[in-house]
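Just work39.txt here, compact mmCIF, C-alpha atoms and all ligand atoms:
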# COMPACT_ATOMS: atom_id res chain seq x y z
CA MET A 5 -83.57 22.90 -28.72
CA ARG A 6 -81.57 26.01 -27.98
CA ALA A 7 -84.62 28.11 -28.79
CA MET A 8 -86.62 26.04 -26.30
CA GLY A 9 -84.21 26.89 -23.55
CA PHE A 10 -82.22 23.67 -23.18
CA GLY A 11 -78.94 24.15 -21.36
CA CYS A 12 -75.47 24.11 -22.95
CA LYS A 13 -74.42 20.87 -21.29
CA CYS A 14 -77.54 19.01 -22.35
CA LEU A 15 -77.09 20.16 -25.94
CA LYS A 16 -73.49 18.91 -25.93
CA TRP A 17 -74.56 15.48 -24.68
CA ILE A 18 -77.12 15.11 -27.41
CA GLU A 19 -74.65 16.30 -29.99
CA ALA A 20 -72.19 13.67 -28.75
CA CYS A 21 -74.78 10.97 -29.33
CA PHE A 22 -75.10 12.10 -32.94
CA ARG A 23 -71.39 12.48 -33.64
CA SER A 24 -70.09 9.30 -32.06
CA ALA A 25 -72.41 6.79 -33.68
CA SER A 26 -70.95 4.43 -36.23
CA ILE A 27 -72.78 1.58 -37.88
CA SER A 28 -72.27 -1.39 -40.10
CA VAL A 29 -74.81 -3.13 -42.28
CA LEU A 30 -75.61 -6.83 -42.21
CA ILE A 31 -75.58 -8.19 -45.76
CA ASN A 32 -76.95 -11.71 -45.80
CA GLY A 33 -75.96 -11.96 -42.16
CA SER A 34 -72.35 -10.80 -42.42
CA PRO A 35 -71.46 -7.31 -41.15
CA THR A 36 -69.71 -4.79 -43.41
CA LYS A 37 -66.95 -2.37 -42.37
CA GLU A 38 -68.14 0.26 -39.90
CA PHE A 39 -68.80 3.78 -41.08
CA ASN A 40 -69.83 6.99 -39.35
CA LEU A 41 -73.39 8.18 -39.34
CA GLN A 42 -73.91 11.59 -40.88
CA ARG A 43 -77.46 12.01 -39.58
CA GLY A 44 -79.48 10.22 -36.94
CA ILE A 45 -78.61 8.17 -33.93
CA ARG A 46 -77.96 4.51 -33.22
CA GLN A 47 -80.66 2.03 -34.09
CA GLY A 48 -82.86 1.42 -31.04
CA ASP A 49 -81.39 4.36 -29.10
CA PRO A 50 -83.83 5.15 -26.25
CA LEU A 51 -83.13 8.84 -26.83
CA PHE A 52 -84.88 8.64 -30.15
CA PRO A 53 -88.55 9.05 -29.09
CA TYR A 54 -87.69 12.15 -27.05
CA LEU A 55 -85.75 13.74 -29.88
CA PHE A 56 -88.65 12.96 -32.16
CA ILE A 57 -91.09 14.79 -29.86
CA ILE A 58 -88.77 17.78 -29.56
CA THR A 59 -88.27 17.96 -33.31
CA SER A 60 -91.95 17.61 -34.13
CA GLU A 61 -92.73 20.32 -31.57
CA GLY A 62 -90.35 22.59 -33.45
CA LEU A 63 -91.97 21.65 -36.76
CA ASN A 64 -95.41 22.34 -35.34
CA ILE A 65 -94.33 25.82 -34.23
CA LEU A 66 -92.82 26.50 -37.66
CA ALA A 67 -96.03 25.32 -39.35
CA ASN A 68 -98.15 27.60 -37.17
CA ILE A 69 -95.90 30.55 -37.99
CA ALA A 70 -96.15 29.70 -41.72
CA VAL A 71 -99.97 29.58 -41.52
CA ARG A 72 -100.06 32.88 -39.62
CA ASP A 73 -97.83 34.56 -42.22
CA LYS A 74 -99.94 33.03 -45.02
CA ILE A 75 -96.99 31.09 -46.46
CA ILE A 76 -99.03 27.86 -46.46
CA ARG A 77 -102.77 27.25 -46.40
CA GLY A 78 -104.94 24.43 -45.15
CA VAL A 79 -107.45 22.56 -47.30
CA GLU A 80 -110.46 24.60 -48.22
CA ILE A 81 -113.63 22.67 -48.93
CA GLY A 82 -116.05 24.17 -51.40
CA ARG A 83 -116.66 24.48 -55.10
CA ASP A 84 -113.51 25.06 -57.18
CA LYS A 85 -111.31 25.38 -54.11
CA CYS A 86 -111.25 21.82 -52.97
CA THR A 87 -107.85 20.29 -53.73
CA VAL A 88 -109.00 16.99 -52.24
CA TRP A 89 -111.63 16.69 -54.92
CA LYS A 90 -109.13 17.66 -57.58
CA ASN A 91 -106.89 14.84 -56.37
CA ILE A 92 -109.77 12.40 -56.57
CA ILE A 93 -110.30 13.44 -60.18
CA LYS A 94 -106.59 12.89 -60.81
CA VAL A 95 -106.92 9.38 -59.37
CA GLY A 96 -109.86 8.87 -61.70
CA ALA A 97 -107.69 9.82 -64.67
CA GLU A 98 -105.00 7.33 -63.57
CA LEU A 99 -107.61 4.60 -63.18
CA SER A 100 -108.95 5.16 -66.67
CA LYS A 101 -105.47 4.30 -67.97
CA ILE A 102 -105.89 0.76 -66.63
CA GLY A 103 -109.45 0.52 -67.89
CA VAL A 104 -111.35 1.43 -64.73
CA ASN A 105 -113.95 4.13 -65.25
CA PHE A 106 -114.07 5.87 -61.88
CA ASP A 107 -117.49 7.39 -62.44
CA SER A 108 -119.03 4.13 -63.56
CA LEU A 109 -117.95 2.52 -60.29
CA PHE A 110 -120.67 4.46 -58.56
CA GLU A 111 -124.37 4.03 -59.05
CA LYS A 112 -126.39 7.13 -58.47
CA GLN A 113 -129.49 6.48 -56.45
CA ILE A 114 -132.13 9.15 -56.76
CA GLY A 115 -133.91 9.89 -53.53
CA ASP A 116 -137.28 11.58 -53.73
CA GLY A 117 -135.88 13.89 -56.43
CA HIS A 118 -135.63 17.06 -54.36
CA ASP A 119 -131.94 17.55 -55.13
CA VAL A 120 -131.77 16.58 -58.80
CA LEU A 121 -132.46 18.86 -61.78
CA PHE A 122 -134.85 17.10 -64.16
CA TRP A 123 -133.42 18.45 -67.41
CA SER A 124 -129.77 19.19 -66.62
CA ASP A 125 -128.46 16.60 -64.16
CA LEU A 126 -127.34 13.13 -65.14
CA TRP A 127 -129.91 10.86 -63.61
CA ALA A 128 -132.08 8.96 -66.06
CA SER A 129 -129.59 8.65 -68.88
CA ASP A 130 -125.91 9.06 -69.68
CA THR A 131 -126.74 12.43 -71.22
CA PRO A 132 -128.86 15.18 -69.67
CA LEU A 133 -132.49 14.97 -70.73
CA ARG A 134 -132.35 18.46 -72.22
CA LEU A 135 -129.92 17.12 -74.82
CA LEU A 136 -131.81 13.86 -75.24
CA CYS A 137 -135.14 15.61 -75.88
CA PRO A 138 -134.21 19.14 -77.02
CA ARG A 139 -137.63 19.96 -78.51
CA LEU A 140 -139.49 19.07 -75.33
CA TYR A 141 -136.94 21.08 -73.33
CA ARG A 142 -137.77 24.16 -75.40
CA LEU A 143 -141.44 23.75 -74.49
CA GLU A 144 -140.71 23.37 -70.77
CA ASN A 145 -142.04 26.29 -68.70
CA HIS A 146 -139.60 25.74 -65.84
CA GLN A 147 -136.30 24.57 -67.25
CA ALA A 148 -134.80 24.36 -63.76
CA ALA A 149 -137.51 22.00 -62.55
CA LEU A 150 -136.50 19.26 -60.13
CA VAL A 151 -137.13 15.57 -60.65
CA PHE A 152 -139.58 15.84 -57.75
CA ASP A 153 -141.59 18.45 -59.71
CA ARG A 154 -141.98 16.19 -62.72
CA VAL A 155 -142.01 12.58 -61.54
CA ARG A 156 -143.79 10.82 -58.72
CA VAL A 157 -143.92 7.16 -57.87
CA SER A 158 -146.67 5.83 -55.69
CA SER A 159 -148.21 2.43 -55.11
CA ASN A 160 -150.33 3.12 -58.19
CA GLY A 161 -147.24 3.40 -60.36
CA TRP A 162 -145.52 6.26 -62.11
CA SER A 163 -147.08 9.64 -62.65
CA PHE A 164 -145.60 12.57 -64.56
CA ILE A 165 -146.47 16.18 -63.96
CA TRP A 166 -145.79 18.23 -67.09
CA ASP A 167 -145.89 21.97 -67.62
CA TRP A 168 -145.56 22.78 -71.32
CA SER A 169 -145.80 26.19 -72.91
CA ARG A 170 -148.11 24.73 -75.57
CA GLU A 171 -149.88 21.49 -76.12
CA ILE A 172 -147.82 18.50 -77.16
CA SER A 173 -148.71 17.43 -80.66
CA GLY A 174 -147.53 15.42 -83.63
CA ARG A 175 -144.00 14.10 -83.52
CA LEU A 176 -143.47 15.41 -79.99
CA HIS A 177 -145.72 12.62 -78.69
CA GLY A 178 -143.10 10.13 -79.81
CA GLU A 179 -140.32 12.07 -78.08
CA LEU A 180 -142.38 12.25 -74.89
CA ASP A 181 -143.05 8.50 -74.95
CA THR A 182 -139.32 7.82 -75.31
CA LEU A 183 -138.57 10.17 -72.44
CA MET A 184 -141.04 8.51 -70.11
CA SER A 185 -140.00 4.97 -70.90
CA THR A 186 -136.31 5.92 -70.48
CA ILE A 187 -137.08 7.23 -67.03
CA LYS A 188 -139.21 4.24 -66.08
CA THR A 189 -136.63 1.67 -67.15
CA ARG A 190 -133.52 3.38 -65.85
CA VAL A 191 -134.47 4.97 -62.58
CA ILE A 192 -135.50 3.76 -59.18
CA LEU A 193 -136.90 6.54 -57.08
CA GLY A 194 -136.47 6.20 -53.35
CA SER A 195 -136.85 8.54 -50.48
CA GLY A 196 -134.69 11.27 -48.98
CA ARG A 197 -131.51 12.61 -50.55
CA SER A 198 -129.86 11.04 -53.52
CA THR A 199 -126.78 8.97 -52.78
CA ARG A 200 -123.95 7.29 -54.56
CA LYS A 201 -123.48 3.60 -54.15
CA PHE A 202 -120.11 1.95 -54.74
CA LYS A 203 -120.69 -0.93 -57.13
CA GLY A 204 -117.61 -2.89 -56.05
CA VAL A 205 -119.21 -4.23 -52.87
CA LYS A 206 -122.58 -5.46 -51.71
CA SER A 207 -122.94 -2.91 -48.93
CA GLY A 208 -122.47 -0.07 -51.43
CA LEU A 209 -119.99 1.58 -49.08
CA TYR A 210 -116.77 2.80 -50.60
CA THR A 211 -113.68 1.62 -48.73
CA THR A 212 -110.02 1.60 -49.66
CA LYS A 213 -110.06 -2.19 -49.43
CA SER A 214 -112.91 -2.60 -51.89
CA MET A 215 -111.15 -0.24 -54.29
CA VAL A 216 -107.85 -2.12 -53.97
CA SER A 217 -109.43 -5.46 -54.80
CA LEU A 218 -111.18 -3.88 -57.76
CA ILE A 219 -107.90 -2.50 -59.09
CA ASP A 220 -106.20 -5.85 -58.45
CA GLU A 221 -108.83 -7.54 -60.56
CA LYS A 222 -108.13 -5.17 -63.42
CA LEU A 223 -104.34 -5.24 -63.15
CA ILE A 224 -103.76 -8.93 -62.54
CA PRO A 225 -105.01 -11.19 -65.30
CA ARG A 226 -106.90 -14.24 -64.06
CA GLU A 227 -104.36 -16.63 -65.53
CA ALA A 228 -101.34 -14.75 -64.19
CA SER A 229 -98.74 -16.45 -62.08
CA PRO A 230 -100.18 -17.03 -58.62
CA MET A 231 -97.02 -15.47 -57.25
CA VAL A 232 -98.45 -12.05 -57.85
CA THR A 233 -102.09 -12.68 -57.05
CA LEU A 234 -104.04 -13.17 -53.85
CA ARG A 235 -103.74 -10.96 -50.84
CA ASN A 236 -103.33 -13.65 -48.23
CA ASN A 237 -103.57 -12.53 -44.62
CA LEU A 238 -101.99 -15.77 -43.43
CA ILE A 239 -98.71 -14.69 -44.95
CA PRO A 240 -96.44 -12.38 -42.93
CA GLN A 241 -95.48 -9.23 -44.76
CA LYS A 242 -91.75 -10.04 -44.77
CA VAL A 243 -92.54 -13.33 -46.51
CA GLY A 244 -94.69 -11.53 -49.07
CA ILE A 245 -91.86 -9.15 -49.82
CA PHE A 246 -89.41 -12.03 -50.05
CA MET A 247 -91.61 -13.79 -52.62
CA TRP A 248 -91.87 -10.58 -54.57
CA ARG A 249 -88.07 -10.53 -54.69
CA ILE A 250 -87.92 -14.19 -55.71
CA GLN A 251 -90.28 -13.54 -58.58
CA ARG A 252 -87.99 -10.81 -59.85
CA LYS A 253 -84.89 -12.90 -59.15
CA ARG A 254 -83.75 -10.33 -56.64
CA ILE A 255 -82.22 -12.61 -54.08
CA ALA A 256 -78.47 -12.96 -53.77
CA VAL A 257 -77.95 -16.44 -55.20
CA LYS A 258 -74.59 -16.86 -56.89
CA GLU A 259 -76.01 -16.94 -60.40
CA GLU A 260 -77.71 -13.56 -59.91
CA LEU A 261 -74.67 -12.00 -58.19
CA ASP A 262 -72.54 -13.13 -61.13
CA ARG A 263 -75.06 -11.66 -63.57
CA ARG A 264 -74.65 -8.33 -61.76
CA GLY A 265 -70.90 -8.45 -62.25
CA ILE A 266 -69.87 -9.39 -58.73
CA ASP A 267 -66.62 -11.36 -58.66
CA LEU A 268 -67.13 -14.74 -56.97
CA ASP A 269 -64.74 -17.63 -56.32
CA SER A 270 -67.35 -20.14 -57.34
CA LEU A 271 -70.84 -20.15 -58.78
CA LEU A 272 -71.62 -23.54 -57.30
CA CYS A 273 -74.33 -23.98 -54.69
CA PRO A 274 -72.63 -23.43 -51.31
CA LEU A 275 -74.72 -26.20 -49.75
CA CYS A 276 -74.25 -29.07 -52.17
CA ASN A 277 -71.31 -27.80 -54.28
CA ASP A 278 -72.87 -29.62 -57.18
CA VAL A 279 -74.49 -27.19 -59.63
CA VAL A 280 -74.68 -23.44 -60.28
CA GLU A 281 -76.79 -21.83 -57.58
CA SER A 282 -79.85 -20.35 -59.27
CA VAL A 283 -82.98 -19.10 -57.51
CA ASP A 284 -84.75 -22.27 -58.52
CA HIS A 285 -81.94 -24.45 -57.20
CA ALA A 286 -81.57 -22.68 -53.87
CA ILE A 287 -85.27 -22.64 -53.04
CA TYR A 288 -86.52 -25.72 -54.82
CA SER A 289 -84.16 -28.34 -56.13
CA CYS A 290 -81.18 -28.33 -53.78
CA LYS A 291 -81.05 -31.55 -51.76
CA LEU A 292 -82.41 -30.32 -48.44
CA ALA A 293 -85.01 -28.08 -50.08
CA GLN A 294 -86.23 -30.95 -52.23
CA GLU A 295 -86.56 -33.19 -49.17
CA ILE A 296 -88.66 -30.51 -47.47
CA TRP A 297 -90.92 -30.12 -50.51
CA VAL A 298 -91.42 -33.87 -50.81
CA GLY A 299 -92.32 -34.00 -47.12
CA ILE A 300 -94.80 -31.15 -47.37
CA HIS A 301 -96.49 -32.68 -50.40
CA LYS A 302 -96.81 -36.01 -48.61
CA TRP A 303 -98.32 -34.25 -45.62
CA TRP A 304 -100.91 -32.56 -47.85
CA ASP A 305 -101.39 -35.65 -50.01
CA LEU A 306 -100.57 -33.69 -53.15
CA PRO A 307 -98.55 -35.00 -56.10
CA LEU A 308 -95.11 -33.51 -56.71
CA PRO A 309 -94.36 -34.14 -60.39
CA SER A 310 -90.74 -34.88 -61.18
CA GLY A 311 -88.94 -32.31 -63.30
CA SER A 312 -91.08 -29.47 -62.02
CA ASN A 313 -89.67 -26.13 -60.95
CA LEU A 314 -90.38 -23.47 -58.37
CA GLU A 315 -93.11 -21.81 -60.39
CA ASP A 316 -94.81 -25.15 -61.08
CA LEU A 317 -94.74 -25.82 -57.37
CA ILE A 318 -96.59 -22.67 -56.51
CA LYS A 319 -98.99 -22.91 -59.44
CA GLY A 320 -99.58 -26.63 -59.04
CA GLY A 321 -100.90 -26.59 -55.53
CA LEU A 322 -103.08 -23.65 -56.35
CA SER A 323 -104.85 -25.25 -59.27
CA ILE A 324 -105.72 -28.78 -58.23
CA GLY A 325 -108.44 -30.05 -55.98
CA LEU A 326 -108.26 -27.49 -53.19
CA ASN A 327 -111.03 -25.21 -52.08
CA THR A 328 -110.48 -21.52 -51.48
CA SER A 329 -109.51 -21.66 -47.83
CA GLN A 330 -107.30 -24.70 -48.40
CA ARG A 331 -105.58 -22.87 -51.23
CA LYS A 332 -104.95 -19.95 -48.93
CA SER A 333 -103.35 -22.21 -46.33
CA TRP A 334 -101.35 -24.06 -48.97
CA GLN A 335 -100.05 -20.82 -50.41
CA ALA A 336 -99.05 -19.63 -46.95
CA ILE A 337 -97.19 -22.89 -46.27
CA VAL A 338 -95.38 -22.81 -49.61
CA TRP A 339 -94.38 -19.18 -49.23
CA VAL A 340 -93.26 -19.43 -45.63
CA THR A 341 -91.29 -22.58 -46.50
CA CYS A 342 -89.51 -20.74 -49.33
CA TYR A 343 -88.66 -18.00 -46.86
CA TYR A 344 -87.19 -20.38 -44.30
CA ILE A 345 -85.27 -22.43 -46.86
CA TRP A 346 -83.53 -19.22 -47.90
CA LYS A 347 -83.00 -18.13 -44.31
CA ASN A 348 -81.51 -21.51 -43.45
CA ARG A 349 -79.19 -21.32 -46.45
CA ASN A 350 -77.88 -17.94 -45.29
CA GLN A 351 -77.42 -19.05 -41.72
CA LYS A 352 -75.43 -22.05 -42.85
CA ILE A 353 -73.16 -19.96 -45.03
CA PHE A 354 -72.61 -16.91 -42.87
CA ARG A 355 -72.78 -18.27 -39.36
CA ASN A 356 -72.06 -21.96 -39.88
CA GLU A 357 -75.22 -22.90 -38.08
CA ALA A 358 -78.61 -24.21 -39.09
ZN ZN B 1 -77.48 -27.10 -53.81

Would you mind giving the structure from this file in structure tokens?
Ligand SMILES: [Zn+2]
Amino acid sequence: MRAMGFGCKCLKWIEACFRSASISVLINGSPTKEFNLQRGIRQGDPLFPYLFIITSEGLNILANIAVRDKIIRGVEIGRDKCTVWKNIIKVGAELSKIGVNFDSLFEKQIGDGHDVLFWSDLWASDTPLRLLCPRLYRLENHQAALVFDRVRVSSNGWSFIWDWSREISGRLHGELDTLMSTIKTRVILGSGRSTRKFKGVKSGLYTTKSMVSLIDEKLIPREASPMVTLRNNLIPQKVGIFMWRIQRKRIAVKEELDRRGIDLDSLLCPLCNDVVESVDHAIYSCKLAQEIWVGIHKWWDLPLPSGSNLEDLIKGGLSIGLNTSQRKSWQAIVWVTCYYIWKNRNQKIFRNEA
């Protein structure tokens, strides 16, 4: 800011905002002891957006200087230089670890064959034709011939245009027959340039979303707990995160706090004072929670088997007699209810309200 010509007084004011701030953190609704902020300003400080602009302006100037002095470089597109492409290949390697073959996700569609090498490119087979039919390749007069030079498809069917250095005879006839039938069965010739079609979706267009669902399919076994499956847009993100924590028992019920070595007066459920407070008890079987679950099941006309637990609850509704959109709604209701049962529990304990 000094370099930008801000005055002494103004700088001191801003500095004061930084130095004087102290914060405390709400843990389950109760504030901790205050401590001083080393960096940054108060949460929600209206000064923040302006400081952000000033700082990013400074960063921008620094970046320009670095580019000018050749300390950093932008992305260069082109053969061998393209880091973006290298990253894509890296992603491909990661995907192969979970059993997704990146290359096989795309289907190459040959256009009219003007941009594909007949003998060297991968187009009719998983290996280049020059390796598949090496003896024919040796007889080829133009080894860099394009698909367009050799193959045509018209309404009359396929035609091949060959240019051999000597006449095909004997065993080579067999090799030639194989070559032609391979091409006929494996390739659809179209028009224009060749393209790549993403197999994951009908439209053939590659999107991040289509890739994500493909990876999900690979990573999440069909029979896995429904807690980890289904991207459900009816569920608010904070609820999704909360359920993720529940699944890993990362919510601060007394049983889990005790397991982590935190000294507590009592492990009993703070609401009913009856049993040890586990995740399952707090969200599912404590008195109020159980009443809520019974009510919700009545409302949806679904059975709630006695002796079931939290996981049964979520699995149960997902597996019986509901269609896809009903399941989505049911999941949203169950998840949001879990969230509010926990929120209610915390409010009762920390603020004596509910
Ligand atoms: Zn209880």

Which value, in Å to one decimal, gives the distance between atom CA of A:Trp123 and atom CA of A:Val151?
-> 8.2 Å

Near A:Cys273, within 12 Å and counting only C-alpha atoms, which residues show up once chain neighbours fewer than 3 positions away are dropped, as a PyMOL selection string?
-> chain A and resi 256-259+268-270+276-287+289-291+349-350+353

Atom CA of A:Asn237 and atom CA of A:Lys347, how far apart in Å?
->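 Going from atom CA of A:Lys347 over to atom CA of A:Asn237 covers 21.3 Å.
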
Between A:Asp116, A:Glu295, A:Asp181, A:Asp267, which has the minimum distance to ligand ZN 1 (chain B) (counting only C-alpha atoms and all ligand atoms)?
-> A:Glu295

Among listed residues A:Ala148, A:Leu272, A:Cys342, A:Gln335, nearest ligand ZN 1 (chain B) (using all atoms listed in the file) =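 Of A:Ala148, A:Leu272, A:Cys342, A:Gln335, the one nearest ligand ZN 1 (chain B), counting all atoms listed in the file, is A:Leu272.
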
Find the spatial neighbours of A:Asn105, counting all atoms listed in the file, within a cut-off of 8 Å - ignore same-chain residues fewer than 5 positions away - and output them as a count of residues only.
-> 3

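Proximity of A:Leu176, A:Val104, A:Val298, A:Ala70 to A:Met215, computed with all atoms listed in the file, is greatest for A:Val104.
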
Atom CA of A:Asp119 to atom CA of A:Lys94, straight-line distance in Å =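 It comes out at 26.4 Å.
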
Measuring atom to atom with only C-alpha atoms and all ligand atoms, identify which of A:Ile300, A:Leu140, A:Leu292, A:Ala97 is nearest to ligand ZN 1 (chain B).
->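 Of A:Ile300, A:Leu140, A:Leu292, A:Ala97, the one nearest ligand ZN 1 (chain B) is A:Leu292, counting only C-alpha atoms and all ligand atoms.
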
Close residues, A:Trp168 itself excluded, 6 Å, all atoms listed in the file, min 4 positions apart in chain, as a PyMOL selection string = chain A and resi 143-145

Write the residues of the selection above to a file with C-alpha atoms, as a PDB file, in the frame of the given file.
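Output file part.pdb is given in full below:
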ATOM      1  CA  LEU A 143    -141.440  23.750 -74.490  1.00  0.00           C
ATOM      2  CA  GLU A 144    -140.710  23.370 -70.770  1.00  0.00           C
ATOM      3  CA  ASN A 145    -142.040  26.290 -68.700  1.00  0.00           C
TER       4      ASN A 145
END

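Distance annotation: of A:Ile239, A:Lys101, A:Tyr343, A:Ser329, the residue with the minimal separation from A:Ile255 is A:Tyr343; atom set is all atoms listed in the file.
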
Could you give me, as a count of residues only, the residues within 10 Å of stretch 302-313 of chain A, counting only C-alpha atoms and dropping anything in the same chain fewer than 2 positions from it?
-> 21

Minimum-distance residue to ligand ZN 1 (chain B), chosen among A:Ser333, A:Gly161, A:Trp339, A:Leu271 (using all atoms listed in the file) |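 Smallest distance to ligand ZN 1 (chain B) is found for A:Leu271.
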
Could you give me, as JSON, numbers by chain, the residues within 12 Å of A:Gln241, counting all atoms listed in the file and dropping anything in the same chain fewer than 4 positions from it?
-> {"A": [235, 236, 237, 245, 246, 247, 248, 336, 339, 340, 343]}
